[in-house]
Amino acid sequence: MPRRLLARLAAVTLDGAVSLFPGYFALVMATGVVSIACHFMGLRPVALALVGINWVAWPVLSVLTIVRALRFRAELMRDLSDHQRAPGFFTIVAGTCVLGTQNVVVIGATGVGTALWWVGLILWFAIMYTFFTAVTVRARKPTLKRGINGAWLIAAVSTQSVVVLRGVIDTGAPPPDAIQFQVIAMFLIGCMLYLAIIPLIFYRLTFVPMSREDFSPPYWINMGAVAITALAGSVLILRGETWPLLAPLLPFLRGFTFFFWAVASWWIPFLLLLMLWRYVWMRDCFTYEPAVWGMVFPLGMYTTSTYQFDRAMGYGFLNLIPEVLVFVALAAWVLAMAGLARRLLGALRAPDAG
């Protein structure tokens, strides 16, 4: 019996590796940010449970990715030059850094967070320049309608996730000037990536005909990317008193951070209306797909971002938003996890059916 079980697990692992959705690390991103939001809102048992779940999800997805790179290189390279699927690789960076931030914030594991920050930074350089080079030199390119969606903004998310993680690591004492400089530069690069990509997506939404299938969960990254940018700005503002290089930039950071938080807030009613259009008006059926985690993550990120934005700006009257939204984000996470569990159970039972 153990031998049959091991053989089945090996078969499922290989099958999962060859068909692995490049953006599956959004599961780690969503779990991490919902955990952080629960921690801030006083739901500590839930936050701790989600830390444990993420320390299962991240290694499993890492192993599947490594197996795919070693055994199924052709499939990996095909995804890497695909305009629709390739942006998902940025979730590897973001998932790694969100996991680090989760460990630092929820359980105080600064050493773990620092190690994951270096891993995330190296992955950021590797994936960022591999992706943009691959899609740039590709001989045959898709139309804007077929080539772009909200997943492209994970490039900005991954960049800001590096900024946020470093910001929660160095709270009491500043990091070396070189690291401060690099973190500030990455914050601005993340802003650039959002401002460069979002006009194409907005044009796609408003001027190119869309079917109900075209409005997929990754479009929620339109909001999630700008929410994490506001979070990164808020974290830098909170470090303004201890990081010397930040002091001259604080007025600029406050204005820019307010801008990005306001944009994130603007997206939410629009995205909700588009969901109602697809699932109520068009009567489409909601089913689990890996990209669903790209919808859970922005909900958790907006919750955390608003909490930190309120603290950084010193307002004190925005606390009701995260207090309510944390339960929305948690409910979305539970539904997505139920869908994943059902799919995994189906995969484990499949060999017996044959």
# chains A, B, ... in the order shown; residues from 1 in each chain; ligands from 1
>>> residues_around(residues="segment 275-281 of chain A", least_positions_apart="3", cutoff="6 Å", atoms="only C-alpha atoms", output="PyMOL selection string")
chain A and resi 212+272+284
>>> write_last_selection(atoms="all heavy atoms", output="CSV table (one decimal), in the first residue's frame")
chain,number,residue,atom,x,y,z
A,212,ARG,N,-17.4,37.5,-21.8
A,212,ARG,CA,-17.4,37.3,-20.4
A,212,ARG,C,-16.2,36.5,-19.9
A,212,ARG,O,-15.7,36.7,-18.8
A,212,ARG,CB,-18.7,36.5,-20.0
A,212,ARG,CG,-18.9,35.2,-20.6
A,212,ARG,CD,-20.2,34.5,-20.0
A,212,ARG,NE,-20.4,33.2,-20.6
A,212,ARG,CZ,-21.4,33.0,-21.4
A,212,ARG,NH1,-22.3,33.9,-21.7
A,212,ARG,NH2,-21.6,31.7,-21.9
A,272,LEU,N,-15.9,45.1,-9.0
A,272,LEU,CA,-17.1,44.4,-8.5
A,272,LEU,C,-18.3,44.5,-9.6
A,272,LEU,O,-19.0,43.5,-9.8
A,272,LEU,CB,-17.6,45.1,-7.2
A,272,LEU,CG,-16.7,44.8,-6.0
A,272,LEU,CD1,-17.2,45.6,-4.8
A,272,LEU,CD2,-16.7,43.3,-5.6
A,284,ASP,N,-22.6,33.5,-16.1
A,284,ASP,CA,-21.5,32.6,-16.2
A,284,ASP,C,-21.3,31.8,-14.9
A,284,ASP,O,-21.7,32.4,-13.9
A,284,ASP,CB,-20.2,33.4,-16.6
A,284,ASP,CG,-19.1,32.5,-17.2
A,284,ASP,OD1,-19.4,31.3,-17.4
A,284,ASP,OD2,-18.0,33.0,-17.4
>>> residues_around(residues="Trp58 of chain A", least_positions_apart="4", cutoff="10 Å", atoms="only C-alpha atoms", output="list in words")
Tyr24, Phe25, Leu27, Val28, Met29, Ile53, Asn54, Ser62, Val63, Leu64, Ile92, Gly95, Thr96 and Leu99 of chain A
>>> select_by_dssp(residues="segment 82-121 of chain A", states="alpha helix (DSSP H)", output="ChimeraX atom specification")
/A:90-107,110-121
>>> residues_around(residues="segment 324-337 of chain A", least_positions_apart="4", cutoff="10 Å", atoms="only C-alpha atoms", output="number ranges by chain")
A: 27, 30-31, 33-41, 43, 46, 287-293, 295-304, 306, 319-320, 341-343
>>> residues_around(residues="segment 129-140 of chain A", least_positions_apart="6", cutoff="8 Å", atoms="only C-alpha atoms", output="PDB file with N, CA, C and O atoms, in the first residue's frame")
ATOM      1  N   LEU A  80       7.519  30.839 -20.958  1.00  0.00           N
ATOM      2  CA  LEU A  80       8.300  32.040 -20.702  1.00  0.00           C
ATOM      3  C   LEU A  80       8.194  33.063 -21.826  1.00  0.00           C
ATOM      4  O   LEU A  80       8.380  34.260 -21.600  1.00  0.00           O
ATOM      5  N   SER A  81       7.888  32.622 -23.032  1.00  0.00           N
ATOM      6  CA  SER A  81       7.750  33.553 -24.151  1.00  0.00           C
ATOM      7  C   SER A  81       6.292  33.790 -24.529  1.00  0.00           C
ATOM      8  O   SER A  81       6.008  34.407 -25.553  1.00  0.00           O
ATOM      9  N   ASP A  82       5.369  33.284 -23.702  1.00  0.00           N
ATOM     10  CA  ASP A  82       3.941  33.454 -23.949  1.00  0.00           C
ATOM     11  C   ASP A  82       3.451  34.710 -23.232  1.00  0.00           C
ATOM     12  O   ASP A  82       3.578  34.834 -22.017  1.00  0.00           O
ATOM     13  N   HIS A  83       2.877  35.640 -23.995  1.00  0.00           N
ATOM     14  CA  HIS A  83       2.444  36.918 -23.408  1.00  0.00           C
ATOM     15  C   HIS A  83       1.380  36.743 -22.330  1.00  0.00           C
ATOM     16  O   HIS A  83       1.284  37.561 -21.414  1.00  0.00           O
ATOM     17  N   ALA A  86       3.469  34.027 -19.317  1.00  0.00           N
ATOM     18  CA  ALA A  86       4.783  34.384 -18.778  1.00  0.00           C
ATOM     19  C   ALA A  86       4.737  35.340 -17.586  1.00  0.00           C
ATOM     20  O   ALA A  86       5.551  35.194 -16.664  1.00  0.00           O
ATOM     21  N   PRO A  87       3.824  36.335 -17.550  1.00  0.00           N
ATOM     22  CA  PRO A  87       3.814  37.215 -16.372  1.00  0.00           C
ATOM     23  C   PRO A  87       3.603  36.481 -15.055  1.00  0.00           C
ATOM     24  O   PRO A  87       3.985  36.982 -14.000  1.00  0.00           O
TER      25      PRO A  87
END
>>> closest_residue(among="A:Pro45, A:Lys145, A:Val157, A:Val208", to="Met192 of chain A", atoms="only C-alpha atoms")
A:Val157
>>> residues_around(residues="Tyr315 of chain A", least_positions_apart="6", cutoff="12 Å", atoms="only C-alpha atoms", output="mmCIF file with N, CA, C and O atoms, in the first residue's frame")
data_model
loop_
_atom_site.group_PDB
_atom_site.id
_atom_site.type_symbol
_atom_site.label_atom_id
_atom_site.label_comp_id
_atom_site.auth_asym_id
_atom_site.auth_seq_id
_atom_site.Cartn_x
_atom_site.Cartn_y
_atom_site.Cartn_z
ATOM 1 N N PHE A 258 -0.462 58.554 -1.358
ATOM 2 C CA PHE A 258 -1.889 58.901 -1.346
ATOM 3 C C PHE A 258 -2.485 58.678 -2.737
ATOM 4 O O PHE A 258 -3.588 58.131 -2.876
ATOM 5 N N THR A 306 -4.445 49.568 3.396
ATOM 6 C CA THR A 306 -5.231 50.637 4.026
ATOM 7 C C THR A 306 -4.864 50.799 5.496
ATOM 8 O O THR A 306 -4.753 51.923 6.001
ATOM 9 N N TYR A 307 -4.641 49.676 6.176
ATOM 10 C CA TYR A 307 -4.243 49.741 7.586
ATOM 11 C C TYR A 307 -2.918 50.493 7.739
ATOM 12 O O TYR A 307 -2.794 51.385 8.590
ATOM 13 N N GLN A 308 -1.927 50.160 6.908
ATOM 14 C CA GLN A 308 -0.618 50.806 7.015
ATOM 15 C C GLN A 308 -0.645 52.240 6.483
ATOM 16 O O GLN A 308 0.048 53.114 7.013
ATOM 17 N N PHE A 309 -1.434 52.483 5.470
ATOM 18 C CA PHE A 309 -1.580 53.834 4.935
ATOM 19 C C PHE A 309 -2.165 54.766 5.996
ATOM 20 O O PHE A 309 -1.699 55.903 6.176
#
